[in-house]
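Containing PDB, C-alpha atoms: upload35.pdb.
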```
ATOM      1  CA  VAL A1289      -8.609  18.217 -12.283
ATOM      2  CA  ARG A1290     -12.143  19.314 -13.143
ATOM      3  CA  HIS A1291     -13.391  19.604 -16.705
ATOM      4  CA  ASN A1292     -12.308  22.853 -18.369
ATOM      5  CA  GLU A1293      -9.736  23.553 -15.638
ATOM      6  CA  SER A1294      -5.938  23.514 -16.004
ATOM      7  CA  PHE A1295      -4.870  22.559 -12.457
ATOM      8  CA  LEU A1296      -5.988  21.472  -9.007
ATOM      9  CA  ARG A1297      -5.070  22.591  -5.513
ATOM     10  CA  LEU A1298      -5.761  20.424  -2.471
ATOM     11  CA  GLU A1299      -5.352  21.838   1.014
ATOM     12  CA  GLY A1300      -5.749  20.317   4.470
ATOM     13  CA  GLU A1301      -5.077  21.183   8.085
ATOM     14  CA  PHE A1302      -3.939  18.367  10.365
ATOM     15  CA  SER A1303      -3.238  17.946  14.056
ATOM     16  CA  ARG A1304      -0.045  15.966  14.463
ATOM     17  CA  ALA A1305       1.565  15.475  17.887
ATOM     18  CA  GLU A1306      -0.543  18.393  19.199
ATOM     19  CA  LYS A1307       0.787  20.677  16.467
ATOM     20  CA  LYS A1308      -1.234  22.131  13.588
ATOM     21  CA  GLU A1309       0.189  21.350  10.148
ATOM     22  CA  LYS A1310      -0.990  22.837   6.856
ATOM     23  CA  ILE A1311      -0.383  20.668   3.788
ATOM     24  CA  VAL A1312      -1.002  21.904   0.238
ATOM     25  CA  ALA A1313      -0.722  19.857  -2.969
ATOM     26  CA  LYS A1314      -0.627  21.609  -6.368
ATOM     27  CA  VAL A1315      -1.050  19.563  -9.538
ATOM     28  CA  ILE A1316      -0.710  20.779 -13.129
ATOM     29  CA  PRO A1317      -1.147  17.941 -15.679
ATOM     30  CA  GLY A1318       2.093  17.179 -17.500
ATOM     31  CA  LYS A1319       4.241  18.767 -14.784
ATOM     32  CA  ASN A1320       5.589  17.576 -11.431
ATOM     33  CA  LYS A1321       3.223  18.000  -8.508
ATOM     34  CA  THR A1322       4.253  20.356  -5.711
ATOM     35  CA  ILE A1323       3.671  19.578  -2.029
ATOM     36  CA  GLU A1324       4.079  22.235   0.661
ATOM     37  CA  LYS A1325       4.204  21.871   4.448
ATOM     38  CA  ASN A1326       3.387  25.068   6.321
ATOM     39  CA  GLU A1327       3.942  27.103   3.113
ATOM     40  CA  VAL A1328       7.405  25.614   2.463
ATOM     41  CA  ALA A1329       7.684  23.357  -0.599
ATOM     42  CA  TYR A1330       9.428  20.004  -0.362
ATOM     43  CA  HIS A1331      12.378  19.584  -2.727
ATOM     44  CA  LYS A1332      10.990  16.135  -3.616
ATOM     45  CA  SER A1333       7.496  14.749  -3.046
ATOM     46  CA  ALA A1334       9.091  11.601  -1.594
ATOM     47  CA  GLU A1335      10.185  13.654   1.431
ATOM     48  CA  HIS A1336       6.522  13.973   2.452
ATOM     49  CA  LEU A1337       5.765  10.258   2.325
ATOM     50  CA  GLY A1338       4.979   8.950   5.795
ATOM     51  CA  PHE A1339       4.735  12.390   7.427
ATOM     52  CA  LEU A1340       0.996  11.808   7.839
ATOM     53  CA  PRO A1341       0.482   8.032   7.634
ATOM     54  CA  VAL A1342      -2.591   7.086   5.607
ATOM     55  CA  VAL A1343      -4.298   3.759   4.963
ATOM     56  CA  LEU A1344      -6.685   3.501   1.990
ATOM     57  CA  ILE A1345      -8.941   0.457   1.583
ATOM     58  CA  MET A1346     -11.045   0.222  -1.600
ATOM     59  CA  PRO A1347     -12.749  -2.377  -3.835
ATOM     60  CA  ASP A1348      -9.860  -2.448  -6.327
ATOM     61  CA  ASP A1349      -7.648  -3.920  -3.579
ATOM     62  CA  THR A1350      -8.846  -7.383  -4.623
ATOM     63  CA  SER A1351      -6.505  -6.928  -7.617
ATOM     64  CA  MET A1352      -3.693  -7.719  -5.153
ATOM     65  CA  ILE A1353      -5.065 -11.257  -5.027
ATOM     66  CA  LYS A1354      -6.317 -11.626  -8.590
ATOM     67  CA  GLU A1355      -3.557  -9.871 -10.570
ATOM     68  CA  GLY A1356       0.226 -10.244 -10.892
ATOM     69  CA  SER A1357       3.013  -9.776  -8.368
ATOM     70  CA  GLU A1358       3.454  -6.037  -9.069
ATOM     71  CA  GLU A1359       0.319  -5.190  -7.037
ATOM     72  CA  ARG A1360       1.530  -7.240  -4.077
ATOM     73  CA  ARG A1361       4.985  -5.616  -4.129
ATOM     74  CA  LYS A1362       3.230  -2.250  -4.257
ATOM     75  CA  PHE A1363       1.433  -3.163  -1.014
ATOM     76  CA  LEU A1364       4.790  -3.919   0.629
ATOM     77  CA  ASP A1365       6.459  -0.787  -0.699
ATOM     78  CA  THR A1366       3.698   1.737   0.030
ATOM     79  CA  THR A1367       3.573   0.490   3.619
ATOM     80  CA  LEU A1368       7.312   0.255   4.268
ATOM     81  CA  CYS A1369       7.982   3.653   2.647
ATOM     82  CA  GLN A1370       5.680   5.251   5.259
ATOM     83  CA  ILE A1371       7.612   3.529   8.044
ATOM     84  CA  ASP A1372      11.235   3.759   6.934
ATOM     85  CA  GLN A1373      12.588   6.638   4.820
ATOM     86  CA  ASP A1374      15.880   4.765   4.261
ATOM     87  CA  TYR A1375      13.829   1.974   2.656
ATOM     88  CA  LEU A1376      12.157   4.541   0.379
ATOM     89  CA  PHE A1377      15.454   6.022  -0.812
ATOM     90  CA  ASP A1378      17.058   2.565  -1.231
ATOM     91  CA  LEU A1379      14.091   1.519  -3.367
ATOM     92  CA  ILE A1380      14.341   4.679  -5.494
ATOM     93  CA  LYS A1381      18.085   4.075  -6.055
ATOM     94  CA  TYR A1382      17.570   0.377  -6.833
ATOM     95  CA  ASN A1383      14.815   1.090  -9.385
ATOM     96  CA  LYS A1384      16.916   3.799 -11.046
ATOM     97  CA  LEU A1385      19.891   1.421 -11.400
ATOM     98  CA  LEU A1386      17.582  -1.363 -12.605
ATOM     99  CA  LYS A1387      16.218   0.929 -15.314
ATOM    100  CA  GLN A1388      19.766   1.824 -16.420
ATOM    101  CA  ARG A1389      20.868  -1.837 -16.409
ATOM    102  CA  ASN A1390      17.864  -2.825 -18.531
ATOM    103  CA  ALA A1391      18.528   0.059 -20.928
ATOM    104  CA  LEU A1392      22.110  -1.159 -21.361
ATOM    105  CA  LEU A1393      20.934  -4.706 -22.114
ATOM    106  CA  LYS A1394      18.444  -3.406 -24.667
ATOM    107  CA  GLN A1395      20.796  -0.890 -26.331
ATOM    108  CA  THR A1396      23.514  -3.482 -26.824
ATOM    109  CA  GLN A1397      20.958  -6.081 -27.965
ATOM    110  CA  GLY A1398      22.159  -8.547 -25.378
ATOM    111  CA  ASN A1399      25.887  -8.097 -26.060
ATOM    112  CA  ALA A1400      26.562  -5.794 -23.110
ATOM    113  CA  ASP A1401      30.039  -5.475 -21.641
ATOM    114  CA  THR A1402      29.978  -7.858 -18.647
ATOM    115  CA  ALA A1403      32.366  -5.565 -16.741
ATOM    116  CA  LEU A1404      29.908  -2.673 -17.156
ATOM    117  CA  LEU A1405      27.023  -4.872 -16.036
ATOM    118  CA  GLN A1406      29.095  -5.813 -13.010
ATOM    119  CA  THR A1407      29.376  -2.159 -11.987
ATOM    120  CA  TYR A1408      25.578  -1.995 -11.837
ATOM    121  CA  ASP A1409      25.427  -5.276  -9.908
ATOM    122  CA  THR A1410      27.966  -4.012  -7.365
ATOM    123  CA  GLN A1411      25.845  -0.908  -6.710
ATOM    124  CA  MET A1412      22.520  -2.796  -6.647
ATOM    125  CA  ALA A1413      23.632  -5.659  -4.390
ATOM    126  CA  PRO A1414      23.645  -3.836  -1.001
ATOM    127  CA  LEU A1415      20.377  -2.069  -1.863
ATOM    128  CA  ALA A1416      18.719  -5.372  -2.807
ATOM    129  CA  GLY A1417      20.025  -7.035   0.350
ATOM    130  CA  SER A1418      18.684  -4.291   2.600
ATOM    131  CA  ILE A1419      15.278  -4.161   0.862
ATOM    132  CA  HIS A1420      14.939  -7.952   1.018
ATOM    133  CA  GLN A1421      15.726  -8.095   4.741
ATOM    134  CA  LYS A1422      13.308  -5.268   5.570
ATOM    135  CA  ARG A1423      10.503  -6.891   3.563
ATOM    136  CA  LYS A1424      11.154 -10.198   5.325
ATOM    137  CA  THR A1425      11.102  -8.584   8.784
ATOM    138  CA  PHE A1426       7.980  -6.615   7.882
ATOM    139  CA  ILE A1427       5.959  -9.728   6.926
ATOM    140  CA  HIS A1428       7.058 -11.449  10.149
ATOM    141  CA  ASP A1429       5.829  -8.446  12.196
ATOM    142  CA  PHE A1430       2.721  -7.971  10.036
ATOM    143  CA  MET A1431       1.281 -11.510  10.298
ATOM    144  CA  PRO A1432      -0.029 -11.366  13.922
ATOM    145  CA  PHE A1433      -1.968  -8.150  13.146
ATOM    146  CA  PHE A1434      -3.327  -9.619   9.918
ATOM    147  CA  ARG A1435      -4.464 -12.918  11.454
ATOM    148  CA  GLN A1436      -6.131 -11.099  14.341
ATOM    149  CA  TRP A1437      -8.119  -8.862  11.976
ATOM    150  CA  TYR A1438      -9.200 -11.688   9.680
ATOM    151  CA  GLU A1439     -10.312 -13.797  12.618
ATOM    152  CA  GLY A1440     -12.232 -10.806  14.015
ATOM    153  CA  ILE A1441     -14.046  -9.991  10.748
ATOM    154  CA  SER A1442     -14.792 -13.615   9.777
ATOM    155  CA  GLN A1443     -15.337 -14.663  13.424
ATOM    156  CA  GLY A1444     -12.862 -17.501  12.987
ATOM    157  CA  ALA A1445     -14.647 -19.041   9.999
ATOM    158  CA  GLU A1446     -11.390 -19.989   8.197
ATOM    159  CA  GLN A1447      -7.592 -19.805   8.454
ATOM    160  CA  VAL A1448      -5.462 -17.544   6.246
ATOM    161  CA  HIS A1449      -1.731 -17.138   5.674
ATOM    162  CA  ILE A1450       0.748 -14.877   3.849
ATOM    163  CA  SER A1451       4.248 -15.959   2.840
ATOM    164  CA  TYR A1452       7.015 -13.841   1.313
ATOM    165  CA  LYS A1453       8.693 -15.221  -1.815
ATOM    166  CA  SER A1454      12.066 -13.872  -2.954
ATOM    167  CA  GLN A1455      14.876 -15.058  -5.218
ATOM    168  CA  LEU A1456      17.276 -13.615  -2.637
ATOM    169  CA  GLU A1457      16.162 -16.034   0.073
ATOM    170  CA  ASN A1458      19.078 -18.441  -0.529
ATOM    171  CA  THR A1459      21.550 -16.294  -2.475
ATOM    172  CA  ASP A1460      22.718 -12.681  -2.886
ATOM    173  CA  PHE A1461      22.051 -10.284  -5.739
ATOM    174  CA  GLN A1462      25.479 -10.550  -7.383
ATOM    175  CA  ALA A1463      25.434 -14.352  -7.432
ATOM    176  CA  LEU A1464      21.894 -14.256  -8.808
ATOM    177  CA  SER A1465      22.890 -11.815 -11.561
ATOM    178  CA  LYS A1466      25.891 -13.939 -12.480
ATOM    179  CA  SER A1467      23.733 -17.065 -12.822
ATOM    180  CA  ASN A1468      21.197 -15.129 -14.932
ATOM    181  CA  LEU A1469      23.734 -13.395 -17.196
ATOM    182  CA  GLN A1470      23.006 -15.453 -20.322
ATOM    183  CA  LYS A1471      19.248 -15.184 -19.793
ATOM    184  CA  ASP A1472      19.496 -11.420 -19.185
ATOM    185  CA  CYS A1473      21.431 -10.932 -22.407
ATOM    186  CA  TYR A1474      18.989 -13.069 -24.416
ATOM    187  CA  LEU A1475      15.817 -11.418 -23.032
ATOM    188  CA  GLN A1476      17.452  -7.965 -22.743
ATOM    189  CA  ARG A1477      16.192  -7.372 -19.188
ATOM    190  CA  THR A1478      17.208  -8.148 -15.606
ATOM    191  CA  ASN A1479      15.556 -11.413 -14.557
ATOM    192  CA  GLY A1480      16.727 -11.662 -10.951
ATOM    193  CA  GLY A1481      16.321  -9.353  -7.983
ATOM    194  CA  ILE A1482      13.917  -7.908  -5.457
ATOM    195  CA  HIS A1483      11.789  -6.522  -8.325
ATOM    196  CA  LYS A1484      10.636 -10.132  -8.782
ATOM    197  CA  ASP A1485       9.535 -10.618  -5.142
ATOM    198  CA  ASP A1486       5.997 -11.791  -4.458
ATOM    199  CA  LEU A1487       3.525 -12.588  -1.680
ATOM    200  CA  SER A1488       1.564 -15.838  -1.520
ATOM    201  CA  PHE A1489      -1.999 -15.476  -0.145
ATOM    202  CA  LEU A1490      -3.538 -18.695   1.190
ATOM    203  CA  LEU A1491      -6.989 -19.686   2.455
ATOM    204  CA  GLU A1492      -6.911 -22.983   4.380
ATOM    205  CA  ASN A1493      -3.573 -23.730   2.578
ATOM    206  CA  ASN A1494      -5.192 -23.141  -0.839
ATOM    207  CA  PRO A1495      -4.514 -20.146  -3.149
ATOM    208  CA  MET A1496      -6.961 -17.323  -2.373
ATOM    209  CA  LYS A1497      -7.143 -16.470  -6.076
ATOM    210  CA  ARG A1498      -8.738 -19.811  -6.965
ATOM    211  CA  PHE A1499     -10.671 -20.843  -3.871
ATOM    212  CA  ALA A1500     -12.010 -17.711  -2.100
ATOM    213  CA  SER A1501     -15.596 -16.449  -2.351
ATOM    214  CA  GLN A1502     -16.318 -12.746  -2.949
ATOM    215  CA  GLY A1503     -16.992 -12.274   0.763
ATOM    216  CA  GLN A1504     -13.735 -14.008   1.708
ATOM    217  CA  LEU A1505     -11.776 -11.907  -0.799
ATOM    218  CA  LYS A1506     -13.305  -8.733   0.648
ATOM    219  CA  SER A1507     -12.584  -9.862   4.222
ATOM    220  CA  PHE A1508      -8.986 -10.662   3.220
ATOM    221  CA  VAL A1509      -8.229  -7.260   1.681
ATOM    222  CA  LEU A1510      -9.979  -5.499   4.575
ATOM    223  CA  SER A1511      -7.742  -7.412   6.972
ATOM    224  CA  LEU A1512      -4.661  -6.483   4.931
ATOM    225  CA  GLY A1513      -5.588  -2.806   5.136
ATOM    226  CA  LEU A1514      -6.484  -2.820   8.823
ATOM    227  CA  ALA A1515      -3.330  -4.774   9.712
ATOM    228  CA  ARG A1516      -1.395  -2.151   7.716
ATOM    229  CA  TYR A1517      -3.097   0.456   9.915
ATOM    230  CA  ASP A1518      -1.979  -1.329  13.100
ATOM    231  CA  ILE A1519       1.612  -1.816  11.997
ATOM    232  CA  LEU A1520       1.929   1.831  10.870
ATOM    233  CA  LYS A1521       0.536   2.958  14.220
ATOM    234  CA  THR A1522       2.954   0.642  16.056
ATOM    235  CA  TYR A1523       6.046   1.797  14.153
ATOM    236  CA  ARG A1524       5.158   5.489  13.874
ATOM    237  CA  LYS A1525       3.558   5.927  17.333
ATOM    238  CA  LEU A1526       0.827   7.884  15.536
ATOM    239  CA  LYS A1527      -2.718   6.935  14.504
ATOM    240  CA  PRO A1528      -2.955   6.983  10.679
ATOM    241  CA  ILE A1529      -5.914   8.446   8.821
ATOM    242  CA  LEU A1530      -8.128   5.575   7.652
ATOM    243  CA  LEU A1531      -9.967   5.870   4.315
ATOM    244  CA  LEU A1532     -12.636   3.236   3.542
ATOM    245  CA  ASP A1533     -14.003   3.543  -0.001
ATOM    246  CA  ASP A1534     -17.187   1.623  -0.929
ATOM    247  CA  ILE A1535     -16.178  -1.445   1.089
ATOM    248  CA  PHE A1536     -19.621  -2.720   2.144
ATOM    249  CA  ASP A1537     -20.626  -4.128  -1.235
ATOM    250  CA  LYS A1538     -20.350  -7.952  -1.280
ATOM    251  CA  LEU A1539     -19.957  -8.147   2.518
ATOM    252  CA  ASP A1540     -22.789  -9.951   4.294
ATOM    253  CA  ARG A1541     -24.565  -8.077   7.075
ATOM    254  CA  SER A1542     -22.918 -10.038   9.895
ATOM    255  CA  ARG A1543     -19.426  -9.128   8.603
ATOM    256  CA  VAL A1544     -20.450  -5.475   8.133
ATOM    257  CA  LEU A1545     -21.743  -5.232  11.711
ATOM    258  CA  ARG A1546     -18.673  -7.012  13.055
ATOM    259  CA  LEU A1547     -16.384  -4.640  11.142
ATOM    260  CA  LEU A1548     -18.212  -1.577  12.487
ATOM    261  CA  GLU A1549     -17.952  -2.985  15.994
ATOM    262  CA  LEU A1550     -14.190  -3.315  15.552
ATOM    263  CA  LEU A1551     -13.859   0.170  14.006
ATOM    264  CA  SER A1552     -15.712   1.676  16.973
ATOM    265  CA  GLU A1553     -12.861   0.806  19.309
ATOM    266  CA  ASP A1554     -10.387   3.429  20.578
ATOM    267  CA  ASN A1555      -7.687   1.898  18.363
ATOM    268  CA  PHE A1556      -8.607   4.309  15.558
ATOM    269  CA  GLY A1557      -8.237   8.021  14.924
ATOM    270  CA  GLN A1558     -10.043   9.832  12.125
ATOM    271  CA  ILE A1559     -11.940   7.653   9.636
ATOM    272  CA  PHE A1560     -13.379   8.673   6.254
ATOM    273  CA  LEU A1561     -15.979   6.236   4.908
ATOM    274  CA  THR A1562     -17.524   6.605   1.444
ATOM    275  CA  ASP A1563     -20.431   4.758  -0.150
ATOM    276  CA  THR A1564     -22.667   5.264  -3.178
ATOM    277  CA  HIS A1565     -25.900   4.317  -1.351
ATOM    278  CA  GLU A1566     -27.171   7.043   0.994
ATOM    279  CA  LYS A1567     -29.729   4.757   2.672
ATOM    280  CA  ARG A1568     -27.123   2.067   3.319
ATOM    281  CA  VAL A1569     -24.726   4.616   4.856
ATOM    282  CA  LYS A1570     -27.404   5.812   7.281
ATOM    283  CA  GLU A1571     -28.255   2.226   8.271
ATOM    284  CA  ILE A1572     -24.578   1.348   8.715
ATOM    285  CA  VAL A1573     -23.544   4.327  10.849
ATOM    286  CA  GLU A1574     -26.497   3.798  13.182
ATOM    287  CA  ASN A1575     -24.427   0.857  14.437
ATOM    288  CA  PHE A1576     -21.244   2.950  14.594
ATOM    289  CA  ASN A1577     -20.452   3.537  18.251
ATOM    290  CA  ARG A1578     -18.575   6.822  17.835
ATOM    291  CA  GLU A1579     -19.228  10.427  16.830
ATOM    292  CA  TYR A1580     -19.800  10.919  13.108
ATOM    293  CA  CYS A1581     -21.001  13.355  10.423
ATOM    294  CA  ILE A1582     -22.568  12.459   7.065
ATOM    295  CA  TYR A1583     -21.952  14.516   3.923
ATOM    296  CA  LYS A1584     -23.388  14.208   0.439
ATOM    297  CA  VAL A1585     -21.124  14.856  -2.556
ATOM    298  CA  GLU A1586     -23.007  15.682  -5.739
ATOM    299  CA  GLU A1587     -21.648  17.362  -8.894
ATOM    300  CA  GLY A1588     -18.613  18.616  -7.007
ATOM    301  CA  ASN A1589     -20.603  20.134  -4.150
ATOM    302  CA  VAL A1590     -20.359  18.886  -0.556
ATOM    303  CA  SER A1591     -23.265  19.366   1.857
ATOM    304  CA  PRO A1592     -23.997  17.926   5.337
ATOM    305  CA  ILE A1593     -27.060  15.694   5.663
ATOM    306  CA  LYS A1594     -26.725  15.180   9.410
TER
END
```
This entry written out as structure tokens:
Amino acid sequence: VRHNESFLRLEGEFSRAEKKEKIVAKVIPGKNKTIEKNEVAYHKSAEHLGFLPVVLIMPDDTSMIKEGSEERRKFLDTTLCQIDQDYLFDLIKYNKLLKQRNALLKQTQGNADTALLQTYDTQMAPLAGSIHQKRKTFIHDFMPFFRQWYEGISQGAEQVHISYKSQLENTDFQALSKSNLQKDCYLQRTNGGIHKDDLSFLLENNPMKRFASQGQLKSFVLSLGLARYDILKTYRKLKPILLLDDIFDKLDRSRVLRLLELLSEDNFGQIFLTDTHEKRVKEIVENFNREYCIYKVEEGNVSPIK
């Protein structure tokens, strides 16, 4: 929302399976956003998720490596929700029940009725089981794409690995909740479940967080995003829109040129690339072996410079 304005409206026209689609988003701060497809509003914004698959890669993505597990679960969820609508709705239901279970633990100051807690556990168990299995399958399918991209960008300079960590690997949700009952009551929150899942990122069998250089971190998150692109395209049979925001900072020239070479292949559909250095953009796209246009955005105005 611009300064001194009360709302924003964002509109786009897209070609999807040879059909034109008009999407409009309306946002008023403090109220729910509205999304329309061909002038018909969705009942819930979640219904739109995955209709037009999008992959966004930006500098802040390194927080997935440097920060806590929440960012890594977000990577899993935002990808899987674009692939599988059942996963999305299971996740929404699970998080709603989790919030209610935690509220009960807090309201009763840890002395919650175990029978009432059990009713939540009974409802959450099948959701947790399904989410866990889909995350596990996803990482298995994701790894070949990821390794291929990292090897391509780094030209085989080092080996990387991702492993999925879950408390549900050797037990089910109800058994986990039962074993955590005393701890849950004491801490007044649910300590076991798929909301505690995590991903382990390794560089040559060492934690990326502690051992990777800036260039390696950037190559890693680029590979995560581009592998996400490939797996979305594979599952959805549709080329996602790829958004690359200010990704060339801290990448050496050889990795930049190699990335552009890879992006020039027919694997990709529409790509939006943003950078804060006009001269660098011009130098970069000279090596981009596909049709392109350059625009300058300044004080809210967009103008072509090529």
Practice item. Evaluate the PyMOL selection byres ((chain A and resi 1424-1432) around 9) here and jot the selected residues down as a ChimeraX atom specification. Key: /A:1364,1368,1419-1423,1433-1437,1449-1452,1515-1516,1518-1519
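Coordinates place atom CA of A:Lys1484 at a distance of 19.2 Å from atom CA of A:Leu1392.
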Here's the selection I'm unsure about, the PyMOL selection byres ((chain A and resi 1415) around 9); applied to the file above, which residues does it give, as an mmCIF file with C-alpha atoms, keeping the file's coordinate frame?
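What follows is the written file out.cif:
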```
data_model
loop_
_atom_site.group_PDB
_atom_site.id
_atom_site.type_symbol
_atom_site.label_atom_id
_atom_site.label_comp_id
_atom_site.auth_asym_id
_atom_site.auth_seq_id
_atom_site.Cartn_x
_atom_site.Cartn_y
_atom_site.Cartn_z
ATOM 1 C CA TYR A 1375 13.829 1.974 2.656
ATOM 2 C CA ASP A 1378 17.058 2.565 -1.231
ATOM 3 C CA LEU A 1379 14.091 1.519 -3.367
ATOM 4 C CA LYS A 1381 18.085 4.075 -6.055
ATOM 5 C CA TYR A 1382 17.570 0.377 -6.833
ATOM 6 C CA GLN A 1411 25.845 -0.908 -6.710
ATOM 7 C CA MET A 1412 22.520 -2.796 -6.647
ATOM 8 C CA ALA A 1413 23.632 -5.659 -4.390
ATOM 9 C CA PRO A 1414 23.645 -3.836 -1.001
ATOM 10 C CA ALA A 1416 18.719 -5.372 -2.807
ATOM 11 C CA GLY A 1417 20.025 -7.035 0.350
ATOM 12 C CA SER A 1418 18.684 -4.291 2.600
ATOM 13 C CA ILE A 1419 15.278 -4.161 0.862
ATOM 14 C CA HIS A 1420 14.939 -7.952 1.018
#
```
**Study point:** Residues matched by the PyMOL selection byres ((chain A and resi 1339-1356) around 7) as an MDAnalysis selection string
**Key:** chainID A and resid 1336:1338 1357:1360 1370 1496:1497 1505 1509:1510 1513 1517 1528:1535
Exercise for review: Between A:Pro1317, A:Gly1503, A:Gly1481, A:Gly1557, single out the one closest to A:Ser1303, counting only C-alpha atoms.
Suggested key: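 With only C-alpha atoms as the atom set, the closest residue is A:Gly1557.
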**Study point:** Nearest to A:Glu1574 by atom-to-atom distance, counting all atoms listed in the file, from A:Ser1552, A:Gln1443, A:Thr1407, A:Gln1395
**Key:** A:Ser1552
Practice item. Find the residue from A:Arg1498, A:His1565, A:Arg1524, A:Lys1466 that sits nearest to A:Cys1369; use all atoms listed in the file when measuring. Key: A:Arg1524
Practice item. Work out how far apart atom CA of A:Glu1327 and atom CA of A:Phe1302 are and give it in Å to one decimal. Key: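 Separating atom CA of A:Glu1327 from atom CA of A:Phe1302 is a distance of 13.8 Å.
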**Study point:** Length of the atom CA of A:Asn1383 to atom CA of A:Asn1399 vector [Å]
**Key:** 22.0 Å
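Nearest-residue note for A:Ser1542: choosing from A:Val1585, A:Ile1441, A:Leu1475, A:Ala1463, the minimum distance belongs to A:Ile1441, counting all atoms listed in the file.
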Exercise for review: Please identify all polymer residues lying at most 10 Å from the point (-16.4, 1.4, 15.9) (file coordinates), using all atoms listed in the file, and present the result as a list in words.
Suggested key: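 All residues meeting the 10 Å criterion around (-16.4, 1.4, 15.9) are Leu1545, Arg1546, Leu1547, Leu1548, Glu1549, Leu1550, Leu1551, Ser1552, Glu1553, Asp1554, Asn1555, Phe1556, Ile1559, Val1573, Asn1575, Phe1576, Asn1577, Arg1578 and Glu1579 of chain A.
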Kindly provide, as a compact mmCIF listing (two decimals) with C-alpha atoms, keeping the file's coordinate frame, the polymer residues lying within 12 Å of (21.8, -7.3, -28.9), counting only C-alpha atoms and using the coordinates exactly as they appear in the file.
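As a result, out.txt now contains:
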```txt
# COMPACT_ATOMS: atom_id res chain seq x y z
CA ASN A 1390 17.86 -2.82 -18.53
CA ALA A 1391 18.53 0.06 -20.93
CA LEU A 1392 22.11 -1.16 -21.36
CA LEU A 1393 20.93 -4.71 -22.11
CA LYS A 1394 18.44 -3.41 -24.67
CA GLN A 1395 20.80 -0.89 -26.33
CA THR A 1396 23.51 -3.48 -26.82
CA GLN A 1397 20.96 -6.08 -27.96
CA GLY A 1398 22.16 -8.55 -25.38
CA ASN A 1399 25.89 -8.10 -26.06
CA ALA A 1400 26.56 -5.79 -23.11
CA ASP A 1401 30.04 -5.48 -21.64
CA GLN A 1470 23.01 -15.45 -20.32
CA ASP A 1472 19.50 -11.42 -19.18
CA CYS A 1473 21.43 -10.93 -22.41
CA TYR A 1474 18.99 -13.07 -24.42
CA LEU A 1475 15.82 -11.42 -23.03
CA GLN A 1476 17.45 -7.96 -22.74
CA ARG A 1477 16.19 -7.37 -19.19
```
Exercise for review: Mind checking which residues fall within 10 Å of A:Gln1502, counting only C-alpha atoms, ignoring those fewer than 5 positions away in the same chain, and posting them as a PyMOL selection string?
Suggested key: chain A and resi 1350+1507-1508+1537-1539
